[in-house]
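What follows is one structure encoded as structure tokens, with my remarks underneath.
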2 protein chains.
Amino acid sequence: MPPAITPSKTDAKRSRPAQVAEAIKSWVVEQGLTPGDRLPSEPDLIAHFGMAKGTIREAMRILEAQGLVKSRTGPGGGTFVHEVSRERAKALLSNYFYFKDMTIGDVYQVRRALEPELAASLAGTLSQEQLARLEEIVAIYAEPPQSAEQERDQHIASLAFHGALAEFSRNPLLSFVIGFIEKLLSDITVYRQLYTPHNLALWESGLDYHRRLIAALREGDSGAARAIMKAHMETAWTHMGDQEAKALRGFLPE
Amino acid sequence: MPPAITPSKTDAKRSRPAQVAEAIKSWVVEQGLTPGDRLPSEPDLIAHFGMAKGTIREAMRILEAQGLVKSRTGPGGGTFVHEVSRERAKALLSNYFYFKDMTIGDVYQVRRALEPELAASLAGTLSQEQLARLEEIVAIYAEPPQSAEQERDQHIASLAFHGALAEFSRNPLLSFVIGFIEKLLSDITVYRQLYTPHNLALWESGLDYHRRLIAALREGDSGAARAIMKAHMETAWTHMGDQEAKALRGFLPE
DNA sequence: ATCTATTTGTACGTATGTATT
DNA sequence: AAATACATACGTACAAATAGA
């Protein structure tokens, strides 16, 4: 059942493949197709739109680049509707910020507002497995780092702690934004060695915050969770120093 | 100057066009190309990668779908690096949330945390033109609506007020997230007639909040701006009622 | 394990737009 | 107005991958 869309609509400006991609997208929405559903085969689309193979394929690539479909070869193969993955969405959004001058301070302005809210909303909602997962992560930086490499790994892990909290949230928007922030900071740590020069006091306080947070989450003490996270963010914020002006730029992930 | 990347790297899983797109992307980063810079011509890329035209073109479509390049025909034409636009980034991110069950309540949980912060950070930083723009927007809903259509337009405008504030921010991340939220709510209003059934008291309070906010922003009173926005959000939040459970879904914009 | 059918993936040559000079 | 330089579109042929007999 090929899409019932006219080949060339009023938006004459756009390229043919872009128009086709758009038509297929609307068709998917109209039909209420869900992940796993199959799109018409390449030959079918060629016949239906009356266009060349290359044109149809380019359209498919557009949809694929957006993470909306995935193709498989072979019998029973074809192109299938695909749920845009979290990772894909983060990567695409990173492209946008690549061209922006964003500072660590900018990121923390958002973190300070959102992370306490996340912590509060998570209190009392986590399963034993999820709490255990958090403790696993904390264990990675339970001891002071012995090398620069280990210090970096610990820094990544402490960011992953926040990423895990984000994943546990039932609020897709809050979850995504905090997860994206974690990726931003994590990428910058990996690609640019931009992590706090070792500071024993800061490391100790961070560890303590994370442990107290887990306790508050386990006990379902929403107010305490919020307060702990708030203090955690403020501490990190005040210790950022000159790094806050540092722009994070220079990578186009995928 | 063709990219100095090997045609087929270790990631054998990905399709050829995807690999080429990735190679070109890294090359752009390495070369430090900026928006407006030209990529090698199609024939050059074909020669360099030793691949067929179609393959190269599909790669270009991938980059174009991500908003990273734009092509022009004619002499002096070609494919050019392009800054990912705000609109494109929002559309791509919308694709992600299309598959999520997000409620109005979820959106407001984030709004309540971010909007007051935005308001506070904007106090005293706005130009006369920007303040005038805000007042222009407020004028649209200065009088009670006369029709359902006008009511919708006013609702969109009051959302645009927040969108304008977001655009005025110098924090790209905060700006984008709030702008994206505005788009989400705005789209849902247009596509689903999902706006508050008319409530004169609520309309009046919203108008009042916006006006007082402009005054606080003009006077540079950061604390007042934050407090006003906070109260504004809380009021809207408490008046949401049963709508907060309503999922916003059903559109794949571009 | 081999063949076979199905469906996407790649290659290449040619023709058609489109905008600049 | 015409030539030029570039992307865009078409059509066919063949290659690769995968599931099933």
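So you can find residues: chains in the structure tokens are A, B, ... in the order shown, residues in each start at 1, and ligands are numbered from 1 in order.
Using only C-alpha atoms (C1' of nucleotides), the chain A residues found within 6 Å of chain C amount to Thr73, Gly74, Pro75 and Gly77 of chain A.
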(request) Pull the helix (DSSP H, G or I) assignments for range 3-133 of chain A out of DSSP run on the backbone, and list those residues as a PyMOL selection string. (result) chain A and resi 16-31+42-49+53-65+86-98+104-122+128-133
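The residues of range 8-251 of chain A that DSSP assigns to strand (DSSP E) on this backbone come out as A:Val69, A:Lys70, A:Ser71, A:Arg72, A:Gly78, A:Thr79, A:Phe80, A:Val81.
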Those residues with N, CA and C atoms, as a PDB file, in the first residue's frame please?
```pdb
ATOM      1  N   VAL A  69      13.906   5.381  10.090  1.00  0.00           N
ATOM      2  CA  VAL A  69      13.761   4.072   9.457  1.00  0.00           C
ATOM      3  C   VAL A  69      15.106   3.346   9.462  1.00  0.00           C
ATOM      4  N   LYS A  70      15.040   2.071   9.179  1.00  0.00           N
ATOM      5  CA  LYS A  70      16.236   1.252   9.093  1.00  0.00           C
ATOM      6  C   LYS A  70      15.992   0.209   8.015  1.00  0.00           C
ATOM      7  N   SER A  71      17.010  -0.050   7.205  1.00  0.00           N
ATOM      8  CA  SER A  71      16.829  -0.989   6.096  1.00  0.00           C
ATOM      9  C   SER A  71      17.614  -2.269   6.318  1.00  0.00           C
ATOM     10  N   ARG A  72      17.066  -3.334   5.816  1.00  0.00           N
ATOM     11  CA  ARG A  72      17.754  -4.628   5.847  1.00  0.00           C
ATOM     12  C   ARG A  72      17.670  -5.251   4.462  1.00  0.00           C
ATOM     13  N   GLY A  78      13.794  -5.120   3.726  1.00  0.00           N
ATOM     14  CA  GLY A  78      13.055  -3.926   3.340  1.00  0.00           C
ATOM     15  C   GLY A  78      13.408  -2.781   4.254  1.00  0.00           C
ATOM     16  N   THR A  79      12.586  -1.761   4.218  1.00  0.00           N
ATOM     17  CA  THR A  79      12.819  -0.610   5.088  1.00  0.00           C
ATOM     18  C   THR A  79      11.730  -0.587   6.150  1.00  0.00           C
ATOM     19  N   PHE A  80      12.128  -0.390   7.388  1.00  0.00           N
ATOM     20  CA  PHE A  80      11.205  -0.503   8.502  1.00  0.00           C
ATOM     21  C   PHE A  80      11.196   0.765   9.348  1.00  0.00           C
ATOM     22  N   VAL A  81      10.023   1.084   9.838  1.00  0.00           N
ATOM     23  CA  VAL A  81       9.922   2.197  10.771  1.00  0.00           C
ATOM     24  C   VAL A  81      10.742   1.872  12.006  1.00  0.00           C
TER      25      VAL A  81
END
```
Give me, as a PDB file with N, CA and C atoms, in the first residue's frame, the contact residues of chain A against chain B at a cut-off of 6 Å, counting only C-alpha atoms.
```
ATOM      1  N   GLU A  58      17.685   8.115  -2.159  1.00  0.00           N
ATOM      2  CA  GLU A  58      18.116   9.309  -1.427  1.00  0.00           C
ATOM      3  C   GLU A  58      17.086   9.700  -0.380  1.00  0.00           C
ATOM      4  N   ILE A  62      17.581  10.016   3.746  1.00  0.00           N
ATOM      5  CA  ILE A  62      17.197  11.167   4.565  1.00  0.00           C
ATOM      6  C   ILE A  62      16.471  10.681   5.820  1.00  0.00           C
ATOM      7  N   ALA A  65      18.896   8.945   8.105  1.00  0.00           N
ATOM      8  CA  ALA A  65      19.778   9.876   8.814  1.00  0.00           C
ATOM      9  C   ALA A  65      19.064  10.481  10.017  1.00  0.00           C
ATOM     10  N   VAL A  84      13.346   6.525  16.927  1.00  0.00           N
ATOM     11  CA  VAL A  84      14.579   7.310  17.010  1.00  0.00           C
ATOM     12  C   VAL A  84      15.224   7.022  18.354  1.00  0.00           C
ATOM     13  N   TYR A  96      23.900  20.653  16.306  1.00  0.00           N
ATOM     14  CA  TYR A  96      23.424  22.034  16.464  1.00  0.00           C
ATOM     15  C   TYR A  96      24.365  22.843  17.351  1.00  0.00           C
ATOM     16  N   ASP A 106      27.357  27.928  31.048  1.00  0.00           N
ATOM     17  CA  ASP A 106      26.024  27.814  30.451  1.00  0.00           C
ATOM     18  C   ASP A 106      25.393  26.465  30.804  1.00  0.00           C
ATOM     19  N   ALA A 113      19.342  24.068  37.627  1.00  0.00           N
ATOM     20  CA  ALA A 113      17.881  24.169  37.667  1.00  0.00           C
ATOM     21  C   ALA A 113      17.220  22.795  37.576  1.00  0.00           C
ATOM     22  N   ASN A 171       9.923  10.952  33.057  1.00  0.00           N
ATOM     23  CA  ASN A 171       9.635  12.163  32.276  1.00  0.00           C
ATOM     24  C   ASN A 171      10.603  12.205  31.091  1.00  0.00           C
TER      25      ASN A 171
END
```
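Near chain A, the residues of chain D that fall inside 7 Å (using only C-alpha atoms (C1' of nucleotides)) are DC10, DA17, DT18 and DA19 of chain D.
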Keeping only N, CA and C atoms (P, O5', C5', C4', C3', O3' and C1' of nucleotides), take the residues you just selected and write them out as a PDB file, in the first residue's frame.
```
ATOM      1  P    DC D  10      13.449  11.334 -11.584  1.00  0.00           P
ATOM      2  O5'  DC D  10      14.196  10.488 -12.707  1.00  0.00           O
ATOM      3  C5'  DC D  10      14.142  10.955 -14.045  1.00  0.00           C
ATOM      4  C4'  DC D  10      14.874   9.997 -14.949  1.00  0.00           C
ATOM      5  C3'  DC D  10      14.471   8.540 -14.777  1.00  0.00           C
ATOM      6  O3'  DC D  10      13.990   8.040 -16.009  1.00  0.00           O
ATOM      7  C1'  DC D  10      16.830   8.779 -14.807  1.00  0.00           C
ATOM      8  P    DA D  17      28.211  -8.627   1.740  1.00  0.00           P
ATOM      9  O5'  DA D  17      26.794  -8.964   2.386  1.00  0.00           O
ATOM     10  C5'  DA D  17      25.973  -7.882   2.798  1.00  0.00           C
ATOM     11  C4'  DA D  17      24.560  -8.370   2.966  1.00  0.00           C
ATOM     12  C3'  DA D  17      24.405  -9.569   3.920  1.00  0.00           C
ATOM     13  O3'  DA D  17      23.376  -9.247   4.801  1.00  0.00           O
ATOM     14  C1'  DA D  17      23.257  -9.982   1.911  1.00  0.00           C
ATOM     15  P    DT D  18      23.454  -9.720   6.357  1.00  0.00           P
ATOM     16  O5'  DT D  18      22.183 -10.667   6.494  1.00  0.00           O
ATOM     17  C5'  DT D  18      20.922 -10.104   6.169  1.00  0.00           C
ATOM     18  C4'  DT D  18      20.021 -11.160   5.593  1.00  0.00           C
ATOM     19  C3'  DT D  18      19.920 -12.452   6.432  1.00  0.00           C
ATOM     20  O3'  DT D  18      18.591 -12.538   6.847  1.00  0.00           O
ATOM     21  C1'  DT D  18      19.930 -12.884   4.119  1.00  0.00           C
ATOM     22  P    DA D  19      18.207 -13.156   8.287  1.00  0.00           P
ATOM     23  O5'  DA D  19      17.035 -14.140   7.858  1.00  0.00           O
ATOM     24  C5'  DA D  19      15.944 -13.597   7.136  1.00  0.00           C
ATOM     25  C4'  DA D  19      15.363 -14.652   6.218  1.00  0.00           C
ATOM     26  C3'  DA D  19      15.079 -15.990   6.892  1.00  0.00           C
ATOM     27  O3'  DA D  19      13.717 -16.312   6.664  1.00  0.00           O
ATOM     28  C1'  DA D  19      16.277 -16.302   4.854  1.00  0.00           C
TER      29       DA D  19
END
```
(message) Just want the 10 Å neighbourhood of Ala139 in chain B, counted on only C-alpha atoms (C1' of nucleotides), with same-chain residues fewer than 4 positions away dropped. Output as a VMD selection string.
(response) chain B and resid 133 to 135 143 154 157 to 158 207 211
Could you pull the residues within 9 Å of Leu202 in chain B, counting only C-alpha atoms (C1' of nucleotides), minus those fewer than 4 positions along the same chain, as a short mmCIF file (atom, residue, chain, number, x, y, z; two decimals) with C-alpha atoms, in the first residue's frame?
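Resulting contents of selection.cif:
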```
data_model
loop_
_atom_site.label_atom_id
_atom_site.label_comp_id
_atom_site.auth_asym_id
_atom_site.auth_seq_id
_atom_site.Cartn_x
_atom_site.Cartn_y
_atom_site.Cartn_z
CA HIS B 198 -11.33 29.76 28.05
CA GLY B 206 -1.26 35.47 32.49
CA LEU B 207 -1.43 38.89 30.93
CA THR B 235 -0.40 29.27 38.38
CA ALA B 236 -0.43 27.73 34.93
CA HIS B 239 -4.79 25.32 36.40
#
```
